[in-house]
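Below: start_12.tsv (TSV, C-alpha atoms)
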```tsv
chain	number	residue	atom	x	y	z
K	1	MET	CA	7.79	4.73	-17.99
K	2	CYS	CA	8.63	2.43	-15.11
K	3	GLY	CA	5.61	4.02	-13.51
K	4	ALA	CA	3.03	1.25	-13.17
K	5	VAL	CA	4.25	0.00	-9.84
K	6	SER	CA	4.80	3.39	-8.28
K	7	ASP	CA	1.49	4.63	-9.71
K	8	ILE	CA	-0.28	1.72	-8.06
K	9	GLN	CA	1.58	2.35	-4.83
K	10	ALA	CA	0.45	5.96	-4.86
K	11	CYS	CA	-3.20	4.87	-4.99
K	12	ILE	CA	-3.04	2.58	-1.98
K	13	PRO	CA	-4.04	5.22	0.60
K	14	ALA	CA	-7.18	6.08	-1.38
K	15	LEU	CA	-7.98	2.38	-1.86
K	16	ARG	CA	-7.68	1.76	1.88
K	17	ARG	CA	-9.88	4.72	2.67
K	18	HIS	CA	-12.54	3.54	0.26
K	19	ALA	CA	-12.40	-0.12	1.27
K	20	SER	CA	-12.59	0.58	4.98
K	21	ALA	CA	-15.49	2.96	4.42
K	22	LEU	CA	-17.30	0.33	2.35
K	23	LEU	CA	-16.73	-2.46	4.86
K	24	ARG	CA	-16.82	-0.26	7.98
K	25	ASN	CA	-13.82	-2.11	9.30
K	26	LYS	CA	-10.17	-1.37	8.67
K	27	ARG	CA	-8.98	-4.98	8.82
K	28	ASP	CA	-11.55	-6.18	6.30
K	29	GLY	CA	-10.79	-3.09	4.26
K	30	ASP	CA	-7.10	-3.94	4.10
K	31	ASP	CA	-7.91	-7.53	3.13
K	32	LEU	CA	-10.00	-6.23	0.28
K	33	VAL	CA	-7.23	-3.88	-0.81
K	34	ARG	CA	-4.76	-6.77	-0.79
K	35	ALA	CA	-7.08	-8.87	-2.94
K	36	CYS	CA	-7.48	-5.91	-5.25
K	37	LEU	CA	-3.73	-5.33	-5.54
K	38	SER	CA	-3.06	-9.00	-6.27
K	39	ARG	CA	-5.65	-8.97	-9.01
K	40	ALA	CA	-4.25	-5.70	-10.33
K	41	LEU	CA	-0.77	-7.18	-10.58
K	42	GLU	CA	-2.19	-10.02	-12.67
K	43	GLN	CA	-3.83	-7.58	-15.02
K	44	VAL	CA	-1.14	-4.96	-15.18
K	45	ARG	CA	-0.47	-5.75	-18.84
K	46	ALA	CA	-3.94	-4.50	-19.73
K	47	LEU	CA	-2.89	-0.99	-18.78
K	48	SER	CA	-2.29	1.68	-21.31
K	49	GLU	CA	-0.80	5.06	-20.67
K	50	GLN	CA	-4.26	6.57	-20.86
K	51	THR	CA	-5.62	4.48	-18.03
K	52	ASP	CA	-6.65	6.46	-14.97
K	53	MET	CA	-4.86	4.32	-12.40
K	54	ARG	CA	-7.12	5.09	-9.46
K	55	ALA	CA	-10.34	4.48	-11.38
K	56	TRP	CA	-8.85	1.27	-12.79
K	57	LEU	CA	-7.91	0.00	-9.33
K	58	LEU	CA	-11.27	0.96	-7.88
K	59	SER	CA	-13.05	-0.99	-10.58
K	60	ILE	CA	-10.92	-4.03	-9.74
K	61	LEU	CA	-11.72	-3.50	-6.07
K	62	HIS	CA	-15.43	-3.42	-6.75
K	63	GLY	CA	-15.08	-6.47	-8.97
K	64	GLU	CA	-13.53	-8.34	-6.04
K	65	LEU	CA	-16.23	-7.07	-3.73
K	66	ALA	CA	-18.88	-8.50	-6.04
K	67	SER	CA	-17.47	-11.99	-5.62
K	68	ARG	CA	-19.40	-14.38	-3.41
K	69	SER	CA	-16.84	-14.61	-0.62
K	70	TRP	CA	-16.75	-10.87	-0.24
K	71	GLN	CA	-20.51	-10.60	-0.29
K	72	ALA	CA	-20.55	-12.89	2.76
K	73	ARG	CA	-18.06	-10.66	4.53
K	74	LEU	CA	-20.00	-7.59	3.59
K	75	ARG	CA	-23.03	-9.08	5.37
K	76	ARG	CA	-20.88	-9.85	8.36
K	77	ALA	CA	-19.46	-6.35	8.34
K	78	SER	CA	-22.85	-4.92	9.20
K	79	ARG	CA	-22.65	-6.73	12.52
K	80	PRO	CA	-20.55	-5.25	15.28
K	81	GLY	CA	-17.13	-6.81	15.74
K	82	GLY	CA	-13.56	-6.24	14.69
K	83	GLU	CA	-12.14	-2.79	14.87
K	84	PRO	CA	-15.02	-0.52	13.97
K	85	VAL	CA	-14.46	2.38	11.68
K	86	GLN	CA	-14.89	5.54	13.66
K	87	ASP	CA	-17.82	6.80	11.73
K	88	PRO	CA	-19.77	9.82	12.78
K	89	LEU	CA	-22.13	8.95	9.99
K	90	ARG	CA	-23.38	5.62	11.23
K	91	ASP	CA	-26.45	6.11	9.07
K	92	LEU	CA	-24.23	5.11	6.18
K	93	ASP	CA	-24.79	1.54	7.36
K	94	ARG	CA	-28.47	1.90	6.69
K	95	LEU	CA	-28.02	2.56	2.97
K	96	ALA	CA	-28.22	-0.13	0.34
K	97	ASP	CA	-24.75	-1.37	-0.68
K	98	GLN	CA	-24.86	0.24	-4.10
K	99	GLN	CA	-26.13	3.53	-2.69
K	100	ARG	CA	-23.28	3.60	-0.21
K	101	ALA	CA	-20.71	2.71	-2.86
K	102	VAL	CA	-21.89	5.48	-5.18
K	103	LEU	CA	-21.99	8.04	-2.40
K	104	LEU	CA	-18.47	7.19	-1.22
K	105	LEU	CA	-17.03	7.21	-4.73
K	106	VAL	CA	-18.65	10.53	-5.57
K	107	ALA	CA	-18.32	12.40	-2.29
K	108	ILE	CA	-15.04	11.12	-0.90
K	109	GLU	CA	-13.08	9.84	-3.87
K	110	ASP	CA	-14.40	12.73	-5.96
K	111	LEU	CA	-14.74	10.66	-9.10
K	112	SER	CA	-16.81	11.80	-12.06
K	113	TYR	CA	-20.25	10.24	-12.49
K	114	ALA	CA	-19.01	8.58	-15.67
K	115	ASP	CA	-16.05	7.01	-13.82
K	116	VAL	CA	-18.35	5.77	-11.07
K	117	ALA	CA	-20.59	4.16	-13.67
K	118	GLN	CA	-17.57	2.46	-15.20
K	119	ILE	CA	-16.22	1.28	-11.85
K	120	LEU	CA	-19.50	-0.25	-10.75
K	121	GLY	CA	-20.38	-1.49	-14.22
K	122	ILE	CA	-23.76	0.23	-14.27
K	123	PRO	CA	-25.24	2.96	-16.51
K	124	GLN	CA	-24.66	6.56	-15.53
K	125	GLY	CA	-28.40	7.02	-15.11
K	126	ALA	CA	-28.34	4.35	-12.43
K	127	VAL	CA	-25.48	6.14	-10.70
K	128	MET	CA	-27.53	9.35	-10.57
K	129	ALA	CA	-30.57	7.50	-9.25
K	130	LEU	CA	-28.54	5.73	-6.56
K	131	LEU	CA	-26.88	9.00	-5.60
K	132	ALA	CA	-30.20	10.80	-5.32
K	133	ASP	CA	-31.79	7.97	-3.34
K	134	GLY	CA	-28.80	7.59	-1.04
K	135	ARG	CA	-28.61	11.28	-0.28
K	136	GLU	CA	-32.30	11.56	0.33
K	137	ARG	CA	-32.29	8.50	2.57
K	138	LEU	CA	-29.42	9.91	4.64
K	139	ARG	CA	-31.24	13.24	4.90
K	140	GLN	CA	-34.44	11.56	6.07
K	141	LEU	CA	-32.53	9.54	8.64
K	142	GLY	CA	-30.89	12.74	9.85
K	143	VAL	CA	-34.26	14.44	10.16
K	144	ASP	CA	-35.63	11.44	12.06
K	145	ASP	CA	-32.67	11.53	14.43
K	146	ALA	CA	-33.06	15.23	14.99
K	147	VAL	CA	-36.74	14.78	15.78
K	148	ALA	CA	-36.00	11.86	18.08
K	149	GLY	CA	-33.23	13.87	19.75
K	150	ARG	CA	-35.54	16.78	20.37
K	151	ARG	CA	-38.15	14.51	21.91
K	152	MET	CA	-35.63	12.88	24.17
K	153	GLY	CA	-34.18	16.26	25.15
X	1	MET	CA	-30.74	31.86	-21.34
X	2	THR	CA	-32.48	31.97	-18.00
X	3	ALA	CA	-33.20	29.20	-15.56
X	4	ALA	CA	-36.84	29.33	-16.50
X	5	GLU	CA	-35.99	28.53	-20.10
X	6	ARG	CA	-33.80	25.59	-19.18
X	7	PRO	CA	-35.33	23.79	-16.22
X	8	ILE	CA	-32.96	22.47	-13.60
X	9	SER	CA	-32.97	18.72	-13.28
X	10	GLU	CA	-32.47	16.60	-10.18
X	11	ASP	CA	-29.18	15.41	-11.69
X	12	GLU	CA	-28.00	18.99	-11.94
X	13	LEU	CA	-28.80	19.57	-8.29
X	14	HIS	CA	-26.41	16.74	-7.45
X	15	ALA	CA	-23.83	18.06	-9.86
X	16	TYR	CA	-24.22	21.36	-8.01
X	17	VAL	CA	-23.64	19.64	-4.65
X	18	ASP	CA	-20.57	17.90	-6.09
X	19	ASP	CA	-19.31	21.07	-7.73
X	20	ARG	CA	-19.39	19.62	-11.23
X	21	LEU	CA	-21.25	22.49	-12.93
X	22	GLY	CA	-19.80	25.23	-15.06
X	23	ALA	CA	-19.72	28.66	-13.47
X	24	ALA	CA	-22.69	29.99	-15.44
X	25	ARG	CA	-24.96	27.05	-14.76
X	26	ARG	CA	-23.91	27.09	-11.13
X	27	LEU	CA	-25.11	30.65	-10.84
X	28	GLU	CA	-28.43	29.74	-12.43
X	29	VAL	CA	-28.91	26.93	-9.94
X	30	GLU	CA	-28.14	29.29	-7.09
X	31	HIS	CA	-30.73	31.77	-8.33
X	32	TYR	CA	-33.24	29.02	-8.71
X	33	LEU	CA	-32.62	27.71	-5.18
X	34	HIS	CA	-32.96	31.22	-3.83
X	35	ALA	CA	-36.54	31.22	-5.00
X	36	GLN	CA	-37.24	27.71	-3.66
X	37	PRO	CA	-36.50	27.65	0.08
X	38	GLU	CA	-37.75	24.08	0.57
X	39	LEU	CA	-35.52	22.74	-2.19
X	40	ALA	CA	-32.66	24.92	-0.96
X	41	ARG	CA	-32.87	23.28	2.46
X	42	ARG	CA	-32.68	19.84	0.88
X	43	VAL	CA	-29.67	20.79	-1.24
X	44	ALA	CA	-27.97	22.35	1.80
X	45	ALA	CA	-28.46	19.08	3.69
X	46	TYR	CA	-26.80	17.19	0.81
X	47	CYS	CA	-23.87	19.61	0.87
X	48	ALA	CA	-23.52	19.10	4.62
X	49	GLN	CA	-23.55	15.31	4.14
X	50	ARG	CA	-20.83	15.56	1.57
X	51	ALA	CA	-18.68	17.73	3.81
X	52	ALA	CA	-19.24	15.44	6.81
X	53	LEU	CA	-18.32	12.34	4.81
X	54	ARG	CA	-15.20	13.95	3.49
X	55	SER	CA	-14.01	15.12	6.87
X	56	ALA	CA	-14.85	11.76	8.47
X	57	PHE	CA	-12.61	9.89	6.06
X	58	ALA	CA	-10.05	12.54	5.20
X	59	ALA	CA	-7.49	11.32	7.72
X	60	ARG	CA	-7.77	7.70	6.60
X	61	ALA	CA	-5.66	8.21	3.51
X	62	ALA	CA	-2.85	9.76	5.52
X	63	GLU	CA	-2.37	6.68	7.68
X	64	PRO	CA	0.83	4.69	7.14
X	65	ILE	CA	0.45	1.70	4.83
X	66	PRO	CA	0.76	-1.60	6.71
X	67	PRO	CA	3.51	-3.97	5.55
X	68	GLU	CA	1.05	-6.56	4.23
X	69	LEU	CA	-0.01	-4.01	1.62
X	70	ASN	CA	3.54	-3.29	0.60
X	71	LEU	CA	3.49	-3.72	-3.14
X	72	THR	CA	7.03	-5.01	-3.32
X	73	ARG	CA	6.17	-7.73	-0.84
X	74	LEU	CA	3.07	-8.68	-2.77
X	75	LEU	CA	5.15	-8.85	-5.90
X	76	GLU	CA	7.67	-11.05	-4.16
X	77	SER	CA	5.08	-13.47	-2.87
X	78	ARG	CA	3.71	-13.73	-6.39
X	79	LEU	CA	7.22	-14.25	-7.62
X	80	ARG	CA	7.42	-17.33	-5.44
X	81	GLN	CA	4.13	-18.71	-6.66
X	82	ARG	CA	4.03	-17.99	-10.33
X	83	ARG	CA	5.59	-19.44	-13.41
X	84	GLY	CA	5.53	-16.12	-15.18
X	85	TRP	CA	7.77	-14.87	-12.45
X	86	TRP	CA	10.13	-12.79	-14.48
X	87	ARG	CA	7.53	-10.26	-15.47
X	88	ILE	CA	6.86	-9.66	-11.80
X	89	ALA	CA	10.54	-9.73	-11.03
X	90	ALA	CA	11.02	-7.06	-13.62
X	91	ALA	CA	8.51	-4.92	-11.78
X	92	ILE	CA	10.42	-5.30	-8.54
X	93	VAL	CA	13.61	-4.35	-10.22
X	94	LEU	CA	11.92	-1.37	-11.82
X	95	SER	CA	10.27	-0.25	-8.63
X	96	LEU	CA	13.60	-0.24	-6.91
X	97	GLY	CA	15.01	1.80	-9.73
X	98	VAL	CA	17.66	-0.79	-10.42
X	99	GLY	CA	17.08	-1.65	-14.03
X	100	GLY	CA	16.60	0.47	-17.06
X	101	ALA	CA	13.38	-0.22	-18.90
X	102	ALA	CA	12.22	0.52	-22.37
X	103	GLY	CA	8.75	1.12	-21.03
X	104	TRP	CA	6.53	-1.00	-18.88
X	105	TYR	CA	3.40	0.33	-20.49
X	106	LEU	CA	4.45	-0.46	-24.00
X	107	GLY	CA	4.64	-4.16	-23.41
X	108	LEU	CA	6.92	-6.55	-21.68
X	109	PRO	CA	10.05	-5.05	-20.28
X	110	ALA	CA	13.33	-6.70	-21.03
X	111	LYS	CA	14.00	-9.70	-18.86
X	112	PRO	CA	16.02	-8.42	-15.92
X	113	ASP	CA	19.32	-10.12	-15.54
X	114	ARG	CA	19.79	-12.53	-12.68
X	115	THR	CA	22.23	-10.32	-10.87
X	116	GLN	CA	19.80	-7.42	-10.74
X	117	LEU	CA	17.11	-9.71	-9.47
X	118	ALA	CA	19.39	-11.20	-6.84
X	119	VAL	CA	20.47	-7.77	-5.68
X	120	SER	CA	16.91	-6.50	-5.40
X	121	LEU	CA	15.86	-9.55	-3.40
X	122	LEU	CA	18.87	-9.12	-1.16
X	123	GLN	CA	17.95	-5.49	-0.58
X	124	GLN	CA	14.36	-6.27	0.30
X	125	GLU	CA	15.32	-9.13	2.56
X	126	ALA	CA	17.89	-7.03	4.40
X	127	MET	CA	15.53	-4.09	4.87
X	128	SER	CA	12.71	-6.29	6.18
X	129	SER	CA	14.97	-8.29	8.47
X	130	HIS	CA	16.49	-5.14	9.87
X	131	ALA	CA	13.05	-3.65	10.47
X	132	VAL	CA	11.80	-6.78	12.22
X	133	TYR	CA	14.80	-8.05	14.20
X	134	ALA	CA	17.29	-5.25	14.70
X	135	THR	CA	14.62	-3.00	16.19
X	136	ASP	CA	13.56	-5.64	18.72
X	137	ARG	CA	15.08	-4.37	21.97
X	138	ARG	CA	14.72	-7.62	23.90
X	139	HIS	CA	15.16	-10.52	21.50
X	140	PRO	CA	16.99	-9.36	18.39
X	141	ILE	CA	19.11	-12.53	18.20
X	142	GLU	CA	18.99	-16.27	18.79
X	143	VAL	CA	22.60	-16.88	19.75
X	144	ALA	CA	24.59	-14.23	21.64
X	145	ALA	CA	28.09	-12.97	20.89
X	146	ALA	CA	29.37	-14.74	24.01
X	147	GLU	CA	28.97	-17.99	22.04
X	148	ARG	CA	30.60	-16.63	18.92
X	149	ASP	CA	32.19	-19.90	17.85
X	150	HIS	CA	29.01	-21.84	18.33
X	151	LEU	CA	27.13	-19.16	16.39
X	152	ALA	CA	29.56	-19.35	13.47
X	153	GLN	CA	29.53	-23.15	13.47
X	154	TRP	CA	25.76	-23.40	13.64
X	155	LEU	CA	25.13	-20.87	10.85
X	156	SER	CA	27.87	-22.38	8.68
X	157	ASN	CA	26.19	-25.77	9.02
X	158	ARG	CA	22.80	-24.40	8.14
X	159	LEU	CA	24.02	-22.27	5.23
X	160	ARG	CA	26.39	-24.99	4.05
X	161	ARG	CA	28.98	-22.24	3.65
X	162	SER	CA	31.60	-21.05	6.01
X	163	VAL	CA	30.23	-17.88	7.55
X	164	ALA	CA	31.39	-16.00	10.62
X	165	PRO	CA	30.44	-12.62	12.05
X	166	PRO	CA	33.12	-10.11	11.07
X	167	ASP	CA	34.70	-7.97	13.75
X	168	LEU	CA	33.39	-4.42	13.28
X	169	SER	CA	34.92	-2.91	16.41
X	170	LEU	CA	37.18	-0.69	14.31
X	171	ALA	CA	34.01	0.84	12.89
X	172	GLY	CA	32.58	1.22	16.38
X	173	TYR	CA	30.16	-1.70	16.36
X	174	ARG	CA	30.04	-4.53	18.86
X	175	LEU	CA	28.53	-7.89	17.94
X	176	LEU	CA	25.30	-8.72	19.80
X	177	GLY	CA	24.80	-12.09	18.16
X	178	GLY	CA	23.05	-13.69	15.24
X	179	ARG	CA	20.06	-15.56	13.98
X	180	LEU	CA	18.92	-17.79	11.18
X	181	LEU	CA	16.64	-16.41	8.48
X	182	ALA	CA	14.55	-18.13	5.85
X	183	THR	CA	14.97	-16.97	2.26
X	184	GLU	CA	12.20	-16.81	-0.32
X	185	ARG	CA	13.56	-20.05	-1.80
X	186	GLY	CA	13.28	-21.93	1.45
X	187	ALA	CA	17.03	-21.83	2.00
X	188	ALA	CA	18.84	-20.45	5.04
X	189	ALA	CA	20.47	-17.07	5.52
X	190	ALA	CA	22.36	-15.58	8.45
X	191	LEU	CA	21.69	-12.29	10.17
X	192	PHE	CA	24.26	-10.75	12.49
X	193	ILE	CA	23.30	-7.82	14.66
X	194	TYR	CA	25.70	-5.25	16.03
X	195	GLU	CA	25.34	-2.23	18.27
X	196	ASP	CA	27.37	0.95	18.62
X	197	ALA	CA	28.11	2.80	21.88
X	198	GLN	CA	24.87	4.76	21.55
X	199	GLY	CA	22.83	1.59	21.16
X	200	ASN	CA	22.21	2.06	17.41
X	201	ARG	CA	21.78	-1.28	15.72
X	202	LEU	CA	23.40	-2.48	12.54
X	203	SER	CA	22.42	-5.66	10.78
X	204	LEU	CA	24.51	-7.72	8.41
X	205	LEU	CA	22.74	-10.29	6.30
X	206	MET	CA	24.68	-13.02	4.55
X	207	ARG	CA	23.15	-15.56	2.21
X	208	PRO	CA	24.54	-18.08	-0.22
X	209	MET	CA	24.19	-17.11	-3.86
X	210	ALA	CA	24.79	-18.96	-7.09
X	211	PRO	CA	28.59	-19.16	-7.43
X	212	GLU	CA	28.64	-17.40	-10.80
X	213	LEU	CA	26.85	-14.32	-9.46
X	214	GLN	CA	28.96	-11.30	-8.75
X	215	ALA	CA	27.77	-7.78	-7.97
X	216	PRO	CA	29.65	-4.65	-6.99
X	217	ARG	CA	28.52	-2.64	-4.00
X	218	SER	CA	25.25	-0.81	-4.48
X	219	ASP	CA	23.71	1.53	-1.92
X	220	MET	CA	20.12	1.72	-0.81
X	221	SER	CA	18.06	3.74	1.62
X	222	GLN	CA	14.56	3.55	2.99
X	223	SER	CA	12.99	5.95	5.49
X	224	ALA	CA	15.47	6.35	8.36
X	225	VAL	CA	17.95	3.65	7.43
X	226	ASN	CA	20.44	3.13	4.67
X	227	GLY	CA	22.74	0.39	3.67
X	228	CYS	CA	24.46	-1.43	0.86
X	229	THR	CA	24.66	-4.82	-0.78
X	230	TRP	CA	27.19	-6.73	-2.81
X	231	ILE	CA	27.75	-10.27	-3.97
X	232	GLU	CA	31.17	-11.80	-3.68
X	233	LYS	CA	32.43	-15.39	-3.92
X	234	GLY	CA	28.99	-16.94	-3.79
X	235	ILE	CA	27.78	-14.93	-0.82
X	236	GLY	CA	25.39	-12.00	-0.86
X	237	TYR	CA	26.07	-9.33	1.76
X	238	ALA	CA	23.69	-6.64	2.95
X	239	VAL	CA	24.41	-4.05	5.62
X	240	VAL	CA	21.59	-1.94	7.06
X	241	ALA	CA	21.74	0.72	9.77
X	242	ALA	CA	20.94	4.34	10.43
X	243	MET	CA	24.37	5.76	9.76
X	244	SER	CA	26.35	8.20	7.67
X	245	ASP	CA	27.74	7.30	4.27
X	246	ASP	CA	31.27	7.44	5.64
X	247	ALA	CA	30.45	5.01	8.43
X	248	LEU	CA	28.80	2.72	5.91
X	249	ASP	CA	31.89	2.81	3.73
X	250	HIS	CA	34.03	1.90	6.69
X	251	VAL	CA	31.81	-1.02	7.72
X	252	ALA	CA	31.53	-2.39	4.19
X	253	GLN	CA	35.27	-2.21	3.81
X	254	GLN	CA	35.84	-4.08	7.09
X	255	ILE	CA	33.44	-6.84	6.11
X	256	SER	CA	34.85	-7.25	2.64
X	257	GLN	CA	38.39	-7.30	3.94
X	258	GLN	CA	37.70	-9.93	6.59
X	259	ALA	CA	35.78	-12.08	4.12
X	260	GLY	CA	38.90	-12.20	2.00
X	261	GLU	CA	41.08	-13.38	4.87
X	262	PRO	CA	41.58	-17.10	5.24
X	263	GLY	CA	39.84	-19.00	8.04
```

Encoded form using structure tokens:
Amino acid sequence: MCGAVSDIQACIPALRRHASALLRNKRDGDDLVRACLSRALEQVRALSEQTDMRAWLLSILHGELASRSWQARLRRASRPGGEPVQDPLRDLDRLADQQRAVLLLVAIEDLSYADVAQILGIPQGAVMALLADGRERLRQLGVDDAVAGRRMG
Amino acid sequence: MTAAERPISEDELHAYVDDRLGAARRLEVEHYLHAQPELARRVAAYCAQRAALRSAFAARAAEPIPPELNLTRLLESRLRQRRGWWRIAAAIVLSLGVGGAAGWYLGLPAKPDRTQLAVSLLQQEAMSSHAVYATDRRHPIEVAAAERDHLAQWLSNRLRRSVAPPDLSLAGYRLLGGRLLATERGAAAALFIYEDAQGNRLSLLMRPMAPELQAPRSDMSQSAVNGCTWIEKGIGYAVVAAMSDDALDHVAQQISQQAGEPG
């Protein structure tokens, strides 16, 4: 009953993980989470008991990310600087934004394809296409690296 | 039905990687991959990617949440900015478990009464001030106990109320000194910091409150510290320290008693 606030609170770790993975920088990630939480507090009346809190918050987060100011930061995030996310999968940076978002939501946040479609506001078919393309691109990059590594070795 | 009768789509390969298939279909996909070594290698690479991503970011969610993402603080800052403040205030009260609510989800909760709101603000303010100042080993205070009279005079002037640091030596705490705090309304509050023989710090926050407000003692705790608040004769009191309930009782009693004494 008095659960909205504590339910939101419980999602913050997952939001931080997702935002810092998206932006490759913890500080920017936390800024995005704060923007998301502020927006969520404004919209808290729209909640019903059936709402999946985490999916709802993630869709707000992606809505914020789509705004112009965040798009500028997203571009900046690809440049080195700030506290870099320790990312053994640096190839993630070489994916298109939407591919990366889908991959992170599916693989790390473990959301259903339907939820991902809802969060990003795109059809489920597009989610599947982005997922397939993203995975294949990462695989190709991995193969390239392995080949390059062998040559260098 | 065999795999040959129902061809396996690219989407299903991803659902296989993400473990979203039913057991039967999963088995069919496995059989199919067995016969297609090239495809099996690709799917194995996707599975490895998924596992690597998950392990790379698994620890991230376990990190402590920084204070700027503290929901109660965000709510408070909105409280200061917004006209529709009481809805937010209600959420603070609810999150602290202070008020009873008919159901947040069902619509607007009942407007929290002013006392509950005041108490919850007092609690938050005391917890944050304790966390920031009392834990500072070098500069917890602005004016030291050696200048006790000056401290009391200065804070009384700023608060426009007569305030003085109570003597807590009977409870085992020695006054270190005090400092001025800003409240969310842009008014002044006083923070006194004490220390026991082991060096454990106790903070006492005092802030002016609307004269008609009155609240009995209510206890609170947060991670390693606990404390209590009450509102008496136009002043809100909040004690925070890492201490036993008995010690807290003793301290609260001392403060209350001395507040009642003249001059």

Across K:Ala19, K:Leu57, K:Ala35, K:Ala117, the smallest distance to Asp7 of chain K, with all atoms listed in the file counted, is shown by K:Leu57

Which residues of chain K are close to chain X, meaning at most 7 Å apart when you count all atoms listed in the file, and how do they look as number ranges by chain?
-> K: 1-2, 5-6, 9, 13-14, 16-17, 34, 47-49, 87-88, 107-108, 128, 135, 139

Can you pull out every residue within 7 Å of segment 120-133 of chain X, counting only C-alpha atoms, but drop anything in the same chain fewer than 2 positions away, and send it as number ranges by chain?
-> X: 93, 116-118, 135-136, 140, 203, 205, 229, 238, 240

Residue among K:Ile122, K:Val116, K:Leu95, K:Ala46 lying closest to Glu136 of chain K, counting only C-alpha atoms = K:Leu95

Got a sec to check which residues sit within 7 Å of (24.2, -13.8, -1.0), counting only C-alpha atoms, and write them as a list in words?
-> Met206, Arg207, Pro208, Met209, Ile231, Gly234, Ile235, Gly236 and Tyr237 of chain X

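Atom CA of Phe192 of chain X is found 7.5 Å from atom CA of Leu175 of chain X.
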
Which polymer residues have any atom within 7 Å of an atom of segment 146-161 of chain X, counting only C-alpha atoms, with same-chain residues fewer than 6 positions away left out, as a list in words?
-> Gly178, Leu180, Ala188, Ala189, Ala190 and Pro208 of chain X

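Closest to Ser67 of chain K among K:Cys36, K:Leu15, K:Leu105, K:Arg45 is K:Cys36, based on only C-alpha atoms.
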
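With all atoms listed in the file as the basis for measurement, X:Arg217 is the residue among X:Arg25, X:His31, X:Arg174, X:Arg217 that approaches Ala252 of chain X most closely.
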
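Interatomic distance, atom CA of Ala40 of chain K to atom CA of Val127 of chain K: 24.3 Å.
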
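Between atom CA of Leu130 of chain K and atom CA of His18 of chain K the separation is 17.5 Å.
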
Nearest to Gly134 of chain K, restricted to only C-alpha atoms and choosing among K:Ile119, K:Leu111, K:Ala21, K:Leu92, comes out as K:Leu92

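If only C-alpha atoms are the atoms counted, then among X:Thr115, X:Ser218, X:Thr183, X:Asn226 the closest residue to Ala242 of chain X is X:Asn226.
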